[in-house]
$ cat model10.pdb   # PDB, C-alpha atoms
ATOM      1  CA  GLU A   1      32.794 110.397  23.987
ATOM      2  CA  ARG A   2      34.172 112.254  27.007
ATOM      3  CA  GLU A   3      31.254 114.692  27.027
ATOM      4  CA  VAL A   4      28.786 111.822  26.746
ATOM      5  CA  LEU A   5      30.532 110.010  29.611
ATOM      6  CA  THR A   6      30.297 113.125  31.762
ATOM      7  CA  LEU A   7      26.579 113.400  31.095
ATOM      8  CA  VAL A   8      26.027 109.685  31.761
ATOM      9  CA  ALA A   9      27.766 110.142  35.102
ATOM     10  CA  THR A  10      25.429 112.990  36.014
ATOM     11  CA  GLY A  11      22.488 110.635  35.580
ATOM     12  CA  LEU A  12      21.083 111.739  32.246
ATOM     13  CA  SER A  13      19.326 109.233  29.993
ATOM     14  CA  ASN A  14      20.393 108.637  26.408
ATOM     15  CA  ASP A  15      17.448 110.734  25.209
ATOM     16  CA  ASP A  16      18.387 113.584  27.560
ATOM     17  CA  ILE A  17      22.002 113.464  26.364
ATOM     18  CA  SER A  18      20.801 113.364  22.764
ATOM     19  CA  GLY A  19      18.764 116.522  23.260
ATOM     20  CA  ARG A  20      21.459 118.364  25.148
ATOM     21  CA  LEU A  21      24.235 117.611  22.654
ATOM     22  CA  ARG A  22      21.994 117.724  19.577
ATOM     23  CA  LEU A  23      22.977 114.192  18.563
ATOM     24  CA  SER A  24      20.758 111.346  17.498
ATOM     25  CA  PRO A  25      19.932 108.796  20.208
ATOM     26  CA  HIS A  26      21.738 106.197  18.086
ATOM     27  CA  THR A  27      24.924 108.306  18.085
ATOM     28  CA  VAL A  28      24.745 108.697  21.864
ATOM     29  CA  LYS A  29      24.346 104.943  22.275
ATOM     30  CA  THR A  30      27.310 104.362  19.963
ATOM     31  CA  HIS A  31      29.481 106.742  22.001
ATOM     32  CA  ILE A  32      28.480 104.989  25.222
ATOM     33  CA  ASN A  33      29.185 101.539  23.793
ATOM     34  CA  ARG A  34      32.583 102.620  22.452
ATOM     35  CA  THR A  35      33.495 104.185  25.788
ATOM     36  CA  MET A  36      32.468 101.020  27.621
ATOM     37  CA  ALA A  37      34.592  98.925  25.267
ATOM     38  CA  LYS A  38      37.628 101.213  25.607
ATOM     39  CA  LEU A  39      37.386 101.189  29.398
ATOM     40  CA  GLY A  40      36.611  97.481  29.594
ATOM     41  CA  VAL A  41      33.363  97.813  31.513
ATOM     42  CA  GLY A  42      30.037  96.070  31.072
ATOM     43  CA  ASP A  43      27.430  98.607  32.163
ATOM     44  CA  ARG A  44      26.598 102.259  32.794
ATOM     45  CA  ALA A  45      27.108 101.956  36.531
ATOM     46  CA  GLN A  46      30.745 101.078  35.988
ATOM     47  CA  LEU A  47      31.093 104.087  33.676
ATOM     48  CA  VAL A  48      29.750 106.316  36.433
ATOM     49  CA  ILE A  49      32.238 104.884  38.927
ATOM     50  CA  ILE A  50      35.135 105.499  36.546
ATOM     51  CA  ALA A  51      33.972 109.061  35.875
ATOM     52  CA  TYR A  52      33.938 109.845  39.586
ATOM     53  CA  GLU A  53      37.153 107.996  40.460
ATOM     54  CA  SER A  54      39.037 109.706  37.637
ATOM     55  CA  GLY A  55      37.813 113.155  38.684
ATOM     56  CA  LEU A  56      35.910 113.709  35.446
ATOM     57  CA  VAL A  57      32.817 114.368  37.555
ATOM     58  CA  THR A  58      32.836 115.875  41.038
ATOM     59  CA  PRO A  59      30.072 114.984  43.516
ATOM     60  CA  GLY A  60      27.676 117.875  44.074
ATOM     61  CA  VAL A  61      28.912 119.916  41.122
ATOM     62  CA  PRO A  62      26.310 120.152  38.342
ATOM     63  CA  HIS A  63      27.526 119.798  34.795
ATOM     64  CA  SER A  64      26.341 122.523  32.482
ATOM     65  CA  ARG A  65      26.756 123.061  28.802
TER      66      ARG A  65
END
$ encode --input "model10.pdb" --output "structure tokens"
Amino acid sequence: EREVLTLVATGLSNDDISGRLRLSPHTVKTHINRTMAKLGVGDRAQLVIIAYESGLVTPGVPHSR
């Protein structure tokens, strides 16, 4: 879920995340929904904010895998 959150925060779509992590799109969506529930947020934008505020993602630093 943390890796998926990081990739969401970098702006990747579910399909892009699916391809990068070799997961099904359904699994990616499940991870995103579980993360949203755990963090008590209602949309992807709020996930991105949390990722940046927590230091999980740093502005200007590309995430590579």
$ resolve_selection --input "model10.pdb" --expression "the PyMOL selection byres ((chain A and resi 51) around 10)" --output "PyMOL selection string"
chain A and resi 2+5-10+45-50+52-58
$ atom_distance --input "model10.pdb" --atom1 "atom CA of Glu1 of chain A" --atom2 "atom CA of Thr27 of chain A"
10.1 Å
$ atom_distance --input "model10.pdb" --atom1 "atom CA of Pro25 of chain A" --atom2 "atom CA of Asp43 of chain A"
17.4 Å
$ atom_distance --input "model10.pdb" --atom1 "atom CA of Met36 of chain A" --atom2 "atom CA of Asp16 of chain A"
18.9 Å
$ closest_residue --input "model10.pdb" --among "A:Gly42, A:Val4, A:Pro59, A:Arg34" --to "Gly19 of chain A" --atoms "only C-alpha atoms"
A:Val4
$ axis_aligned_box --input "model10.pdb" --around "segment 42-50 of chain A" --padding-each-side "8 Å" --output "AutoDock Vina command-line options"
--center_x 30.9 --center_y 101.2 --center_z 35.0 --size_x 24.5 --size_y 26.2 --size_z 23.9
$ residues_around --input "model10.pdb" --residues "Asp15 of chain A" --least-positions-apart "3" --cutoff "9 Å" --atoms "all atoms listed in the file" --output "list in words"
Leu12, Ser18, Gly19, Arg20, Ser24, Pro25 and Val28 of chain A
$ decode --input "model10.pdb" --residues "chain A" --atoms "C-alpha atoms" --output "PDB file, in the first residue's frame"
ATOM      1  CA  GLU A   1       0.000   0.000   0.000  1.00  0.00           C
ATOM      2  CA  ARG A   2       2.867   2.381   0.762  1.00  0.00           C
ATOM      3  CA  GLU A   3       4.424   1.840  -2.665  1.00  0.00           C
ATOM      4  CA  VAL A   4       1.064   2.399  -4.339  1.00  0.00           C
ATOM      5  CA  LEU A   5       0.559   5.590  -2.312  1.00  0.00           C
ATOM      6  CA  THR A   6       3.972   6.847  -3.388  1.00  0.00           C
ATOM      7  CA  LEU A   7       3.134   6.238  -7.031  1.00  0.00           C
ATOM      8  CA  VAL A   8      -0.292   7.878  -6.678  1.00  0.00           C
ATOM      9  CA  ALA A   9       1.443  10.927  -5.234  1.00  0.00           C
ATOM     10  CA  THR A  10       3.761  11.122  -8.233  1.00  0.00           C
ATOM     11  CA  GLY A  11       0.724  11.410 -10.486  1.00  0.00           C
ATOM     12  CA  LEU A  12       0.529   7.945 -11.990  1.00  0.00           C
ATOM     13  CA  SER A  13      -2.835   6.486 -12.990  1.00  0.00           C
ATOM     14  CA  ASN A  14      -4.070   3.157 -11.671  1.00  0.00           C
ATOM     15  CA  ASP A  15      -3.157   1.531 -14.993  1.00  0.00           C
ATOM     16  CA  ASP A  16       0.351   3.018 -14.875  1.00  0.00           C
ATOM     17  CA  ILE A  17       0.818   1.792 -11.298  1.00  0.00           C
ATOM     18  CA  SER A  18      -0.519  -1.617 -12.299  1.00  0.00           C
ATOM     19  CA  GLY A  19       2.053  -1.915 -15.067  1.00  0.00           C
ATOM     20  CA  ARG A  20       4.934  -0.660 -12.982  1.00  0.00           C
ATOM     21  CA  LEU A  21       4.261  -2.945 -10.013  1.00  0.00           C
ATOM     22  CA  ARG A  22       3.004  -5.876 -12.093  1.00  0.00           C
ATOM     23  CA  LEU A  23      -0.314  -5.948 -10.233  1.00  0.00           C
ATOM     24  CA  SER A  24      -3.797  -6.160 -11.642  1.00  0.00           C
ATOM     25  CA  PRO A  25      -5.666  -2.849 -11.919  1.00  0.00           C
ATOM     26  CA  HIS A  26      -8.201  -4.260  -9.449  1.00  0.00           C
ATOM     27  CA  THR A  27      -5.448  -4.910  -6.881  1.00  0.00           C
ATOM     28  CA  VAL A  28      -4.133  -1.365  -7.297  1.00  0.00           C
ATOM     29  CA  LYS A  29      -7.625   0.035  -6.776  1.00  0.00           C
ATOM     30  CA  THR A  30      -8.042  -2.126  -3.674  1.00  0.00           C
ATOM     31  CA  HIS A  31      -4.750  -0.853  -2.234  1.00  0.00           C
ATOM     32  CA  ILE A  32      -5.785   2.744  -2.896  1.00  0.00           C
ATOM     33  CA  ASN A  33      -9.204   2.258  -1.310  1.00  0.00           C
ATOM     34  CA  ARG A  34      -7.709   0.582   1.766  1.00  0.00           C
ATOM     35  CA  THR A  35      -5.147   3.358   2.136  1.00  0.00           C
ATOM     36  CA  MET A  36      -7.870   5.991   1.849  1.00  0.00           C
ATOM     37  CA  ALA A  37      -9.918   4.214   4.513  1.00  0.00           C
ATOM     38  CA  LYS A  38      -6.944   3.850   6.877  1.00  0.00           C
ATOM     39  CA  LEU A  39      -6.030   7.518   6.503  1.00  0.00           C
ATOM     40  CA  GLY A  40      -9.628   8.709   6.656  1.00  0.00           C
ATOM     41  CA  VAL A  41      -9.616  10.564   3.355  1.00  0.00           C
ATOM     42  CA  GLY A  42     -12.179  10.696   0.580  1.00  0.00           C
ATOM     43  CA  ASP A  43     -10.171  11.152  -2.611  1.00  0.00           C
ATOM     44  CA  ARG A  44      -6.805  10.819  -4.339  1.00  0.00           C
ATOM     45  CA  ALA A  45      -5.978  14.487  -3.914  1.00  0.00           C
ATOM     46  CA  GLN A  46      -6.041  14.091  -0.155  1.00  0.00           C
ATOM     47  CA  LEU A  47      -3.757  11.057  -0.469  1.00  0.00           C
ATOM     48  CA  VAL A  48      -1.285  13.164  -2.424  1.00  0.00           C
ATOM     49  CA  ILE A  49      -1.349  15.876   0.242  1.00  0.00           C
ATOM     50  CA  ILE A  50      -0.686  13.334   2.988  1.00  0.00           C
ATOM     51  CA  ALA A  51       2.172  11.779   1.012  1.00  0.00           C
ATOM     52  CA  TYR A  52       3.871  15.151   0.644  1.00  0.00           C
ATOM     53  CA  GLU A  53       3.172  16.390   4.179  1.00  0.00           C
ATOM     54  CA  SER A  54       4.489  13.161   5.692  1.00  0.00           C
ATOM     55  CA  GLY A  55       7.678  13.295   3.618  1.00  0.00           C
ATOM     56  CA  LEU A  56       6.872  10.082   1.763  1.00  0.00           C
ATOM     57  CA  VAL A  57       7.278  12.030  -1.476  1.00  0.00           C
ATOM     58  CA  THR A  58       9.604  14.989  -1.962  1.00  0.00           C
ATOM     59  CA  PRO A  59       8.742  17.693  -4.515  1.00  0.00           C
ATOM     60  CA  GLY A  60      10.993  17.535  -7.568  1.00  0.00           C
ATOM     61  CA  VAL A  61      12.425  14.115  -6.759  1.00  0.00           C
ATOM     62  CA  PRO A  62      11.270  11.448  -9.231  1.00  0.00           C
ATOM     63  CA  HIS A  63      10.307   8.087  -7.829  1.00  0.00           C
ATOM     64  CA  SER A  64      11.948   5.171  -9.558  1.00  0.00           C
ATOM     65  CA  ARG A  65      11.585   1.469  -9.147  1.00  0.00           C
TER      66      ARG A  65
END
